file final_6.txt (compact mmCIF, C-alpha atoms)
# COMPACT_ATOMS: atom_id res chain seq x y z
CA MET A 1 49.58 -6.31 71.02
CA ILE A 2 51.08 -8.68 73.61
CA VAL A 3 48.17 -11.12 73.15
CA LEU A 4 48.69 -11.08 69.37
CA VAL A 5 52.43 -11.67 69.73
CA LEU A 6 51.99 -14.51 72.22
CA GLY A 7 49.15 -16.10 70.23
CA LEU A 8 51.02 -16.15 66.93
CA GLY A 9 54.11 -17.44 68.74
CA GLN A 10 52.00 -20.30 70.09
CA ALA A 11 50.67 -21.02 66.60
CA VAL A 12 54.25 -21.38 65.31
CA ALA A 13 55.24 -23.52 68.31
CA PHE A 14 52.35 -25.95 67.86
CA ALA A 15 52.68 -26.07 64.06
CA SER A 16 56.38 -26.94 64.35
CA SER A 17 55.97 -29.63 67.03
CA TYR A 18 52.57 -31.26 67.71
CA TYR A 19 51.28 -30.81 64.16
CA LEU A 20 54.54 -31.14 62.26
CA LEU A 21 54.94 -34.85 61.72
CA GLY A 22 51.40 -35.43 60.50
CA VAL A 23 52.67 -34.06 57.17
CA MET A 24 56.43 -34.45 57.43
CA ALA A 25 56.95 -37.94 58.88
CA ASP A 26 56.29 -39.88 55.67
CA PRO A 27 58.54 -37.95 53.24
CA ALA A 28 61.42 -37.67 55.74
CA ALA A 29 61.22 -41.35 56.67
CA VAL A 30 61.06 -42.49 53.04
CA ALA A 31 64.01 -40.29 52.06
CA LEU A 32 66.16 -41.68 54.87
CA GLY A 33 65.02 -45.27 54.45
CA ILE A 34 63.20 -45.92 57.72
CA GLY A 35 59.65 -46.69 58.71
CA THR A 36 57.28 -43.91 59.71
CA ALA A 37 56.62 -45.75 62.98
CA SER A 38 60.18 -44.98 64.08
CA VAL A 39 59.59 -41.25 63.64
CA PHE A 40 56.40 -41.35 65.68
CA LEU A 41 58.16 -43.39 68.35
CA ALA A 42 60.67 -40.54 68.53
CA LEU A 43 57.73 -38.14 68.92
CA SER A 44 56.59 -40.15 71.95
CA GLY A 45 60.12 -39.65 73.24
CA ALA A 46 59.68 -35.91 72.74
CA PHE A 47 56.50 -36.00 74.84
CA LEU A 48 58.41 -37.79 77.61
CA VAL A 49 61.24 -35.26 77.47
CA SER A 50 58.64 -32.51 77.71
CA ALA A 51 57.06 -34.17 80.75
CA VAL A 52 60.39 -34.52 82.55
CA LEU A 53 61.44 -30.91 81.86
CA THR A 54 58.12 -29.13 82.46
CA PRO A 55 58.68 -28.61 86.24
CA TYR A 56 62.11 -27.15 85.49
CA ALA A 57 60.52 -24.79 82.98
CA GLY A 58 58.20 -23.66 85.76
CA GLN A 59 61.18 -22.97 88.01
CA ALA A 60 62.84 -20.99 85.21
CA ILE A 61 59.70 -18.87 84.76
CA GLU A 62 59.89 -17.93 88.44
CA ARG A 63 63.60 -17.08 88.28
CA ILE A 64 63.97 -15.22 84.98
CA GLY A 65 60.42 -14.54 83.78
CA GLY A 66 58.22 -16.07 81.11
CA ALA A 67 59.52 -13.93 78.24
CA ARG A 68 63.08 -15.23 78.58
CA VAL A 69 61.85 -18.81 78.91
CA LEU A 70 59.89 -18.38 75.67
CA ALA A 71 63.04 -17.05 73.99
CA ALA A 72 64.98 -20.10 75.20
CA SER A 73 62.24 -22.35 73.81
CA ASN A 74 62.55 -20.69 70.40
CA LEU A 75 66.26 -21.53 70.39
CA ALA A 76 65.52 -25.11 71.45
CA PHE A 77 62.90 -25.54 68.72
CA ALA A 78 65.25 -24.06 66.12
CA VAL A 79 68.14 -26.37 67.06
CA ALA A 80 65.92 -29.45 66.90
CA LEU A 81 64.36 -28.44 63.58
CA LEU A 82 67.72 -27.59 62.00
CA LEU A 83 69.05 -30.96 63.12
CA MET A 84 66.07 -32.62 61.46
CA ALA A 85 66.53 -30.54 58.29
CA ALA A 86 70.22 -31.47 57.98
CA ALA A 87 69.86 -35.09 59.13
CA PRO A 88 72.24 -37.31 57.12
CA HIS A 89 71.07 -40.46 58.91
CA PRO A 90 67.76 -41.75 60.36
CA LEU A 91 69.19 -41.70 63.89
CA VAL A 92 69.96 -37.99 63.60
CA LEU A 93 66.42 -37.31 62.40
CA CYS A 94 64.97 -39.18 65.37
CA ILE A 95 67.27 -37.37 67.81
CA GLY A 96 66.03 -34.07 66.39
CA VAL A 97 62.41 -35.16 66.89
CA VAL A 98 63.12 -36.14 70.50
CA LEU A 99 64.79 -32.78 71.11
CA LEU A 100 61.56 -31.03 70.13
CA GLY A 101 60.48 -32.02 73.63
CA ILE A 102 62.79 -29.38 75.13
CA GLY A 103 61.01 -26.62 73.26
CA MET A 104 57.62 -28.14 74.04
CA ALA A 105 58.36 -28.12 77.78
CA ALA A 106 59.23 -24.42 77.81
CA GLY A 107 57.42 -22.93 74.83
CA LEU A 108 53.79 -23.98 74.79
CA TYR A 109 50.69 -22.52 76.44
CA GLY A 110 51.88 -22.67 80.05
CA THR A 111 54.74 -20.21 79.55
CA ALA A 112 52.67 -17.85 77.41
CA PHE A 113 49.93 -17.86 80.06
CA ALA A 114 52.55 -17.13 82.73
CA VAL A 115 53.64 -14.02 80.81
CA LEU A 116 50.04 -12.80 80.84
CA VAL A 117 49.66 -13.49 84.55
CA GLU A 118 52.90 -11.62 85.25
CA MET A 119 51.35 -8.62 83.48
CA GLN A 120 47.67 -8.81 84.48
CA GLY A 121 47.42 -11.02 87.55
CA GLN A 122 43.91 -12.30 88.25
CA GLY A 123 42.61 -10.28 85.31
CA ALA A 124 44.38 -12.47 82.73
CA ARG A 125 41.44 -14.82 82.06
CA ARG A 126 40.23 -13.18 78.86
CA ALA A 127 43.78 -12.75 77.51
CA ILE A 128 44.46 -16.43 78.19
CA ALA A 129 41.43 -17.40 76.10
CA ALA A 130 42.53 -15.05 73.30
CA VAL A 131 46.05 -16.50 73.20
CA SER A 132 44.53 -19.98 73.18
CA LEU A 133 42.33 -19.02 70.21
CA LEU A 134 45.28 -17.68 68.21
CA GLY A 135 47.42 -20.67 69.18
CA ALA A 136 44.78 -22.94 67.65
CA LEU A 137 45.89 -21.61 64.28
CA GLY A 138 48.89 -23.91 64.71
CA GLY A 139 46.55 -26.82 64.17
CA ALA A 140 44.34 -25.18 61.57
CA LEU A 141 47.17 -23.77 59.42
CA GLY A 142 50.24 -25.79 60.41
CA TRP A 143 49.50 -28.82 58.26
CA PRO A 144 48.63 -26.90 55.06
CA ILE A 145 51.65 -24.59 55.43
CA SER A 146 53.99 -27.53 55.97
CA ARG A 147 52.45 -29.29 52.97
CA GLU A 148 52.89 -26.20 50.78
CA VAL A 149 56.57 -25.78 51.67
CA LEU A 150 57.11 -29.52 51.29
CA ASP A 151 55.62 -29.52 47.79
CA MET A 152 57.61 -26.47 46.72
CA ALA A 153 61.04 -27.20 48.23
CA GLY A 154 61.15 -30.62 49.89
CA TRP A 155 61.08 -31.95 53.43
CA ARG A 156 64.43 -30.50 54.51
CA ALA A 157 63.32 -27.02 53.51
CA ALA A 158 60.05 -27.45 55.41
CA PHE A 159 61.90 -28.23 58.65
CA GLY A 160 64.22 -25.31 57.91
CA PHE A 161 61.27 -22.99 57.29
CA TRP A 162 59.88 -23.54 60.79
CA ALA A 163 63.35 -23.21 62.30
CA ALA A 164 63.76 -19.85 60.55
CA LEU A 165 60.45 -18.61 61.95
CA HIS A 166 61.61 -19.44 65.45
CA LEU A 167 65.02 -17.79 64.97
CA PHE A 168 64.13 -14.69 62.99
CA VAL A 169 60.56 -13.93 64.04
CA CYS A 170 59.61 -15.51 67.38
CA LEU A 171 62.99 -15.14 69.14
CA PRO A 172 63.42 -11.38 68.44
CA ILE A 173 59.82 -10.75 69.45
CA ALA A 174 60.28 -12.61 72.75
CA LEU A 175 63.42 -10.59 73.52
CA ILE A 176 62.30 -7.17 72.29
CA VAL A 177 58.52 -6.92 72.35
CA LEU A 178 57.49 -9.04 75.34
CA PRO A 179 57.86 -7.39 78.76
CA GLN A 180 60.97 -8.53 80.60
CA ARG A 181 61.08 -8.96 84.36
CA LYS A 182 62.24 -5.75 85.99
CA ALA A 183 65.72 -5.52 87.51
CA GLY A 184 65.66 -6.32 91.20
CA ALA A 185 62.48 -8.37 90.93
CA ASP A 186 64.48 -11.50 91.75
CA ALA A 187 64.72 -10.38 95.36
CA VAL A 188 60.98 -10.73 95.93
CA VAL A 189 60.49 -14.02 94.07
CA ASP A 190 59.74 -17.00 96.29
CA LYS A 191 62.13 -19.75 95.18
CA SER A 192 61.30 -22.30 97.88
CA PRO A 193 60.25 -25.77 96.76
CA MET A 194 56.53 -25.93 96.03
CA ARG A 195 54.60 -28.64 97.84
CA TRP A 196 51.70 -30.46 96.31
CA THR A 197 48.37 -29.77 98.00
CA PRO A 198 45.37 -32.11 97.76
CA THR A 199 43.61 -29.62 95.48
CA MET A 200 46.64 -29.47 93.18
CA ILE A 201 46.69 -33.27 93.03
CA ARG A 202 43.00 -33.43 92.13
CA MET A 203 43.48 -30.76 89.48
CA ALA A 204 46.47 -32.65 88.04
CA ILE A 205 44.33 -35.80 87.81
CA PHE A 206 41.63 -33.80 86.05
CA PHE A 207 43.98 -32.47 83.38
CA ALA A 208 45.75 -35.82 83.01
CA GLY A 209 42.40 -37.39 82.16
CA ALA A 210 41.61 -34.59 79.75
CA TRP A 211 44.96 -34.88 77.98
CA ALA A 212 44.59 -38.67 77.79
CA VAL A 213 41.31 -38.36 75.89
CA ALA A 214 42.56 -35.48 73.73
CA SER A 215 45.73 -37.36 72.72
CA ALA A 216 43.80 -40.55 72.03
CA MET A 217 41.31 -38.71 69.82
CA ALA A 218 44.07 -36.85 67.98
CA ALA A 219 45.69 -40.16 67.10
CA HIS A 220 42.63 -42.31 66.40
CA LEU A 221 39.66 -40.09 65.48
CA PRO A 222 39.61 -40.82 61.69
CA ARG A 223 39.85 -44.56 62.31
CA LEU A 224 37.18 -44.37 65.03
CA LEU A 225 34.78 -42.60 62.65
CA VAL A 226 35.37 -45.26 60.00
CA ASP A 227 34.67 -47.97 62.60
CA LEU A 228 31.41 -46.15 63.36
CA GLY A 229 30.38 -46.64 59.72
CA MET A 230 31.66 -43.59 57.84
CA THR A 231 33.63 -43.85 54.62
CA VAL A 232 37.31 -42.92 54.73
CA GLU A 233 36.66 -39.72 52.79
CA ARG A 234 33.76 -38.61 54.98
CA ALA A 235 35.68 -39.53 58.12
CA ALA A 236 38.58 -37.30 57.08
CA TRP A 237 36.15 -34.43 56.49
CA ALA A 238 34.36 -35.00 59.78
CA ALA A 239 37.64 -35.20 61.71
CA GLY A 240 38.40 -31.69 60.49
CA LEU A 241 35.38 -30.47 62.44
CA MET A 242 37.34 -31.04 65.64
CA ALA A 243 39.72 -28.12 64.99
CA ALA A 244 36.89 -25.84 63.83
CA SER A 245 34.80 -26.63 66.91
CA ALA A 246 37.74 -25.94 69.20
CA MET A 247 38.19 -22.48 67.73
CA VAL A 248 34.47 -21.68 67.95
CA VAL A 249 34.25 -22.42 71.67
CA ARG A 250 37.42 -20.44 72.40
CA LEU A 251 35.76 -17.47 70.72
CA LEU A 252 32.64 -18.15 72.78
CA ASP A 253 34.71 -18.07 75.96
CA ILE A 254 36.24 -14.72 75.02
CA THR A 255 32.95 -13.05 74.10
CA VAL A 256 30.34 -14.65 76.37
CA LEU A 257 31.87 -16.72 79.17
CA HIS A 258 34.87 -14.57 80.12
CA ARG A 259 33.13 -13.39 83.32
CA SER A 260 32.14 -16.90 84.41
CA HIS A 261 34.15 -19.02 86.82
CA PRO A 262 36.65 -21.25 84.96
CA ILE A 263 35.27 -24.23 86.86
CA LEU A 264 32.32 -23.94 84.47
CA THR A 265 34.76 -24.01 81.55
CA ALA A 266 36.41 -27.12 82.99
CA ARG A 267 33.06 -28.87 83.43
CA LEU A 268 32.01 -28.06 79.88
CA ALA A 269 35.36 -29.39 78.66
CA ALA A 270 34.63 -32.67 80.44
CA LEU A 271 31.04 -33.07 79.19
CA PHE A 272 31.20 -32.43 75.45
CA HIS A 273 33.01 -35.66 74.54
CA PRO A 274 30.49 -37.91 76.35
CA VAL A 275 27.62 -35.99 74.72
CA GLY A 276 29.15 -36.53 71.28
CA ALA A 277 29.74 -40.20 72.06
CA LEU A 278 26.12 -40.61 73.18
CA ILE A 279 24.79 -39.05 69.97
CA ALA A 280 27.02 -41.36 67.90
CA THR A 281 25.81 -44.38 69.88
CA LEU A 282 22.14 -43.47 69.47
CA PHE A 283 22.20 -42.45 65.80
CA GLY A 284 25.01 -44.57 64.37
CA THR A 285 26.74 -43.36 61.20
CA VAL A 286 24.57 -40.24 60.95
CA GLY A 287 25.59 -39.18 64.46
CA ALA A 288 29.27 -40.13 64.17
CA PRO A 289 30.48 -36.57 63.35
CA ALA A 290 29.21 -35.54 66.80
CA VAL A 291 32.24 -37.31 68.28
CA ALA A 292 34.57 -34.95 66.40
CA ILE A 293 32.48 -31.88 67.22
CA GLY A 294 32.16 -32.80 70.88
CA GLN A 295 35.86 -33.53 71.24
CA GLY A 296 36.77 -30.28 69.50
CA MET A 297 34.54 -28.27 71.82
CA GLY A 298 36.01 -30.05 74.80
CA ASN A 299 39.54 -29.35 73.57
CA GLY A 300 38.76 -25.67 73.11
CA PHE A 301 37.42 -25.23 76.62
CA LEU A 302 40.20 -27.40 78.03
CA SER A 303 42.96 -25.15 76.70
CA VAL A 304 41.33 -22.14 78.39
CA ALA A 305 40.68 -24.03 81.63
CA SER A 306 44.29 -25.22 81.85
CA GLY A 307 45.39 -21.61 82.14
CA ALA A 308 42.45 -19.94 83.88
CA LEU A 309 41.47 -22.56 86.48
CA PRO A 310 44.77 -22.68 88.42
CA LEU A 311 44.84 -18.87 88.33
CA LYS A 312 41.33 -18.56 89.79
CA VAL A 313 41.69 -21.27 92.42
CA PHE A 314 45.23 -20.50 93.65
CA GLY A 315 45.79 -16.89 92.60
CA ALA A 316 48.61 -15.25 90.63
CA GLU A 317 51.39 -15.89 93.17
CA ARG A 318 53.84 -18.50 91.81
CA TYR A 319 51.44 -19.18 88.94
CA GLY A 320 54.07 -20.38 86.46
CA MET A 321 55.57 -22.98 88.78
CA ARG A 322 52.22 -24.22 90.08
CA GLN A 323 50.68 -24.58 86.63
CA ALA A 324 53.76 -26.44 85.37
CA LEU A 325 53.48 -28.93 88.23
CA ILE A 326 49.76 -29.43 87.72
CA LEU A 327 50.20 -30.17 84.00
CA THR A 328 53.27 -32.41 84.32
CA PRO A 329 51.29 -35.68 84.85
CA ALA A 330 49.18 -34.79 81.80
CA ARG A 331 52.33 -34.64 79.67
CA TYR A 332 53.33 -38.15 80.77
CA VAL A 333 49.85 -39.46 80.02
CA GLN A 334 49.97 -37.78 76.63
CA ALA A 335 52.85 -40.00 75.58
CA ALA A 336 51.09 -43.24 76.53
CA ALA A 337 47.43 -42.55 75.76
CA PRO A 338 47.38 -43.26 72.00
CA ALA A 339 48.87 -46.75 72.44
CA ALA A 340 46.55 -47.55 75.36
CA TYR A 341 43.45 -46.33 73.51
CA ALA A 342 44.37 -48.50 70.52
CA LEU A 343 43.64 -51.55 72.70
CA ALA A 344 40.12 -50.27 73.37
CA MET A 345 39.70 -49.53 69.67
CA ASP A 346 40.67 -53.11 68.84
CA ALA A 347 37.81 -54.34 71.04
CA SER A 348 35.15 -52.15 69.38
CA PRO A 349 34.32 -48.49 68.78
CA GLY A 350 31.63 -48.76 71.45
CA VAL A 351 34.15 -49.94 74.04
CA ALA A 352 36.55 -47.17 73.05
CA LEU A 353 33.88 -44.47 73.39
CA ALA A 354 32.74 -45.94 76.70
CA VAL A 355 36.28 -45.78 78.09
CA SER A 356 36.93 -42.19 76.99
CA SER A 357 33.47 -41.08 78.13
CA ALA A 358 33.99 -42.68 81.54
CA ILE A 359 37.24 -40.75 81.94
CA CYS A 360 35.49 -37.49 81.06
CA LEU A 361 32.59 -38.13 83.43
CA GLY A 362 35.09 -38.90 86.18
CA MET A 363 36.73 -35.54 85.45
CA PHE A 364 33.35 -33.83 85.65
CA ALA A 365 32.71 -35.32 89.08
CA LEU A 366 36.20 -34.38 90.24
CA SER A 367 35.68 -30.75 89.23
CA PHE A 368 33.24 -30.31 92.12
CA SER A 369 36.15 -30.64 94.55
CA PHE A 370 37.86 -27.46 93.27
CA ARG A 371 37.41 -24.46 95.51
CA GLU A 372 38.76 -20.95 95.06
CA GLY A 373 41.71 -20.27 97.35
CA SER A 374 41.66 -23.86 98.59
CA SER A 375 44.72 -25.65 99.92
CA ALA A 376 42.78 -28.74 100.93
call {"tool": "encode", "arguments": {"input": "final_6.txt", "output": "structure tokens"}}
result
Amino acid sequence: MIVLVLGLGQAVAFASSYYLLGVMADPAAVALGIGTASVFLALSGAFLVSAVLTPYAGQAIERIGGARVLAASNLAFAVALLLMAAAPHPLVLCIGVVLLGIGMAAGLYGTAFAVLVEMQGQGARRAIAAVSLLGALGGALGWPISREVLDMAGWRAAFGFWAALHLFVCLPIALIVLPQRKAGADAVVDKSPMRWTPTMIRMAIFFAGAWAVASAMAAHLPRLLVDLGMTVERAAWAAGLMAASAMVVRLLDITVLHRSHPILTARLAALFHPVGALIATLFGTVGAPAVAIGQGMGNGFLSVASGALPLKVFGAERYGMRQALILTPARYVQAAAPAAYALAMDASPGVALAVSSAICLGMFALSFSFREGSSA
């Protein structure tokens, strides 16, 4: 029950943040008389806000528990979305988009995984994969749901719809259904500043590289497939394989790989993109969809590894704070990666794939430095 609640909450969180503006940016921008680029610039601002606040979210998880932090994120998402829905001026719309970053810092996978670790400790691996699988519905269903509400009632109602889900569904569930930290638990919580260890730094570099490639592909995959020779229509269809592939490998992790070490999951996450890029390079247009499939499989394993690997290597103690620190550099990279990758795309699709593949292969090599229980 807890996994279902957390997973559906993650689906709503992703659908109303990461996957929201893919449908909503154009109609909102046109209605308010601004360019769509301004709205996406505000989304980059939201990513930066999320990066700045993520360590503080980790501290809050330690002090008051993951369930209350999730509840606070629902309020933050709702405020931002309501501001966007009521925006009388382009500046107000952009401020609302930037404020999504507050909810993103506290309300995405890291906090949900922390709730599971609070409950299950080292045994949370399979539950983490299950929540990740359900959260992927935010990408698979978020766009069509937003489009349906947009077509029926307009862009303001669509923003309001997601705000209502946060206020009247996700918030009560976080406060009533999710387990709250027991009274008196504060006394045994270590609140001392957490120091970076060499292993934490290497793991942060690994996930920063992974998020850089994932963000670049999310922004540029359809264009990349067209540059590889596909038609616009076929490229759009092939790009959709990325989300499907991500869900398939999450299911694979739950059913087959849940007893394996998450270092294996991390290595698979790093290898699938280069394999897809190699197939596209060797077979041209016919092999181009392999880029989408490979990236989707990498994304699916990555989401599981981001929760399970820190747990396995460092243990359950102070998990929420440690995971937040490890993923903070990735959130900064996420804001800059699409613009940086565009420069490689301008050179050629081959150069772009070589750059992203090199990052992934570097991550693969780095994964051999992770050791269970290591502080070195």
call {"tool": "closest_residue", "arguments": {"input": "final_6.txt", "among": "A:Gly296, A:Gly209, A:Pro329, A:Gly284", "to": "Leu225 in chain A", "atoms": "all atoms listed in the file"}}
result
A:Gly284
call {"tool": "closest_residue", "arguments": {"input": "final_6.txt", "among": "A:Gly300, A:Gly103, A:Pro274, A:Pro338", "to": "Cys360 in chain A", "atoms": "only C-alpha atoms"}}
result
A:Pro274
call {"tool": "atom_distance", "arguments": {"input": "final_6.txt", "atom1": "CA of Tyr341 in chain A", "atom2": "CA of Ala216 in chain A"}}
result
6.0 Å
call {"tool": "atom_distance", "arguments": {"input": "final_6.txt", "atom1": "CA of Leu53 in chain A", "atom2": "CA of Leu325 in chain A"}}
result
10.4 Å
call {"tool": "closest_residue", "arguments": {"input": "final_6.txt", "among": "A:Arg68, A:Arg331, A:Arg195, A:Arg250", "to": "Ala208 in chain A", "atoms": "all atoms listed in the file"}}
result
A:Arg331
call {"tool": "residues_near_point", "arguments": {"input": "final_6.txt", "point": "(29.5, -45.0, 70.4)", "cutoff": "10 Å", "atoms": "all atoms listed in the file", "output": "VMD selection string"}}
result
chain A and resid 224 to 225 227 to 228 274 276 to 285 287 to 288 291 348 to 354 357
call {"tool": "closest_atom_pairs", "arguments": {"input": "final_6.txt", "of": "range 203-302 of chain A", "to": "range 119-127 of chain A", "cutoff": "9 Å", "atoms": "all atoms listed in the file", "output": "Markdown table"}}
result
| residue | atom | partner | partner_atom | distance |
| --- | --- | --- | --- | --- |
| A:Asp253 | CA | A:Arg126 | CA | 7.9 |
| A:Ile254 | CA | A:Arg126 | CA | 5.7 |
| A:Thr255 | CA | A:Arg126 | CA | 8.7 |
| A:His258 | CA | A:Arg126 | CA | 5.7 |
| A:Arg259 | CA | A:Arg126 | CA | 8.4 |
| A:Pro262 | CA | A:Arg125 | CA | 8.5 |
call {"tool": "axis_aligned_box", "arguments": {"input": "final_6.txt", "around": "range 9-17 of chain A", "padding_each_side": "3 Å", "output": "lines of an AutoDock Vina configuration file"}}
result
center_x = 53.5
center_y = -23.5
center_z = 67.1
size_x = 11.7
size_y = 18.2
size_z = 12.0
call {"tool": "closest_residue", "arguments": {"input": "final_6.txt", "among": "A:Val249, A:Ala324, A:Ile359, A:Val304", "to": "Ile61 in chain A", "atoms": "all atoms listed in the file"}}
result
A:Ala324
call {"tool": "residues_around", "arguments": {"input": "final_6.txt", "residues": "Gly96 in chain A", "least_positions_apart": "5", "cutoff": "7 Å", "atoms": "all atoms listed in the file", "output": "count of residues only"}}
result
4
call {"tool": "closest_residue", "arguments": {"input": "final_6.txt", "among": "A:Met1, A:Val49, A:Ile128, A:Ala114", "to": "Val98 in chain A", "atoms": "all atoms listed in the file"}}
result
A:Val49
call {"tool": "closest_residue", "arguments": {"input": "final_6.txt", "among": "A:Phe368, A:Phe168, A:Phe314, A:Tyr319", "to": "Arg267 in chain A", "atoms": "only C-alpha atoms"}}
result
A:Phe368
call {"tool": "atom_distance", "arguments": {"input": "final_6.txt", "atom1": "CA of Pro222 in chain A", "atom2": "CA of Phe40 in chain A"}}
result
17.3 Å
call {"tool": "residues_near_point", "arguments": {"input": "final_6.txt", "point": "(45.3, -27.7, 61.1)", "cutoff": "10 Å", "atoms": "all atoms listed in the file", "output": "ChimeraX atom specification"}}
result
/A:14-15,19-20,22,136-145,240,242-244
call {"tool": "residues_around", "arguments": {"input": "final_6.txt", "residues": "Leu91 in chain A", "least_positions_apart": "5", "cutoff": "10 Å", "atoms": "only C-alpha atoms", "output": "PyMOL selection string"}}
result
chain A and resi 32+34+38-39+42+84+96-97
call {"tool": "residues_around", "arguments": {"input": "final_6.txt", "residues": "Val52 in chain A", "least_positions_apart": "6", "cutoff": "12 Å", "atoms": "all atoms listed in the file", "output": "MDAnalysis selection string"}}
result
chainID A and resid 45:46 58 101:102 104:106 324:325 327:333 335
call {"tool": "residues_around", "arguments": {"input": "final_6.txt", "residues": "Pro310 in chain A", "least_positions_apart": "4", "cutoff": "10 Å", "atoms": "only C-alpha atoms", "output": "PDB file with C-alpha atoms, keeping the file's coordinate frame"}}
result
ATOM      1  CA  THR A 199      43.610 -29.620  95.480  1.00  0.00           C
ATOM      2  CA  MET A 200      46.640 -29.470  93.180  1.00  0.00           C
ATOM      3  CA  MET A 203      43.480 -30.760  89.480  1.00  0.00           C
ATOM      4  CA  PRO A 262      36.650 -21.250  84.960  1.00  0.00           C
ATOM      5  CA  ILE A 263      35.270 -24.230  86.860  1.00  0.00           C
ATOM      6  CA  ALA A 305      40.680 -24.030  81.630  1.00  0.00           C
ATOM      7  CA  SER A 306      44.290 -25.220  81.850  1.00  0.00           C
ATOM      8  CA  PHE A 314      45.230 -20.500  93.650  1.00  0.00           C
ATOM      9  CA  GLY A 315      45.790 -16.890  92.600  1.00  0.00           C
ATOM     10  CA  ALA A 316      48.610 -15.250  90.630  1.00  0.00           C
ATOM     11  CA  TYR A 319      51.440 -19.180  88.940  1.00  0.00           C
ATOM     12  CA  GLY A 320      54.070 -20.380  86.460  1.00  0.00           C
ATOM     13  CA  ARG A 322      52.220 -24.220  90.080  1.00  0.00           C
ATOM     14  CA  GLN A 323      50.680 -24.580  86.630  1.00  0.00           C
ATOM     15  CA  ILE A 326      49.760 -29.430  87.720  1.00  0.00           C
ATOM     16  CA  PHE A 370      37.860 -27.460  93.270  1.00  0.00           C
ATOM     17  CA  GLU A 372      38.760 -20.950  95.060  1.00  0.00           C
ATOM     18  CA  GLY A 373      41.710 -20.270  97.350  1.00  0.00           C
TER      19      GLY A 373
END
call {"tool": "residues_around", "arguments": {"input": "final_6.txt", "residues": "Pro27 in chain A", "least_positions_apart": "4", "cutoff": "9 Å", "atoms": "all atoms listed in the file", "output": "PyMOL selection string"}}
result
chain A and resi 23+31-32+36+150+154-155
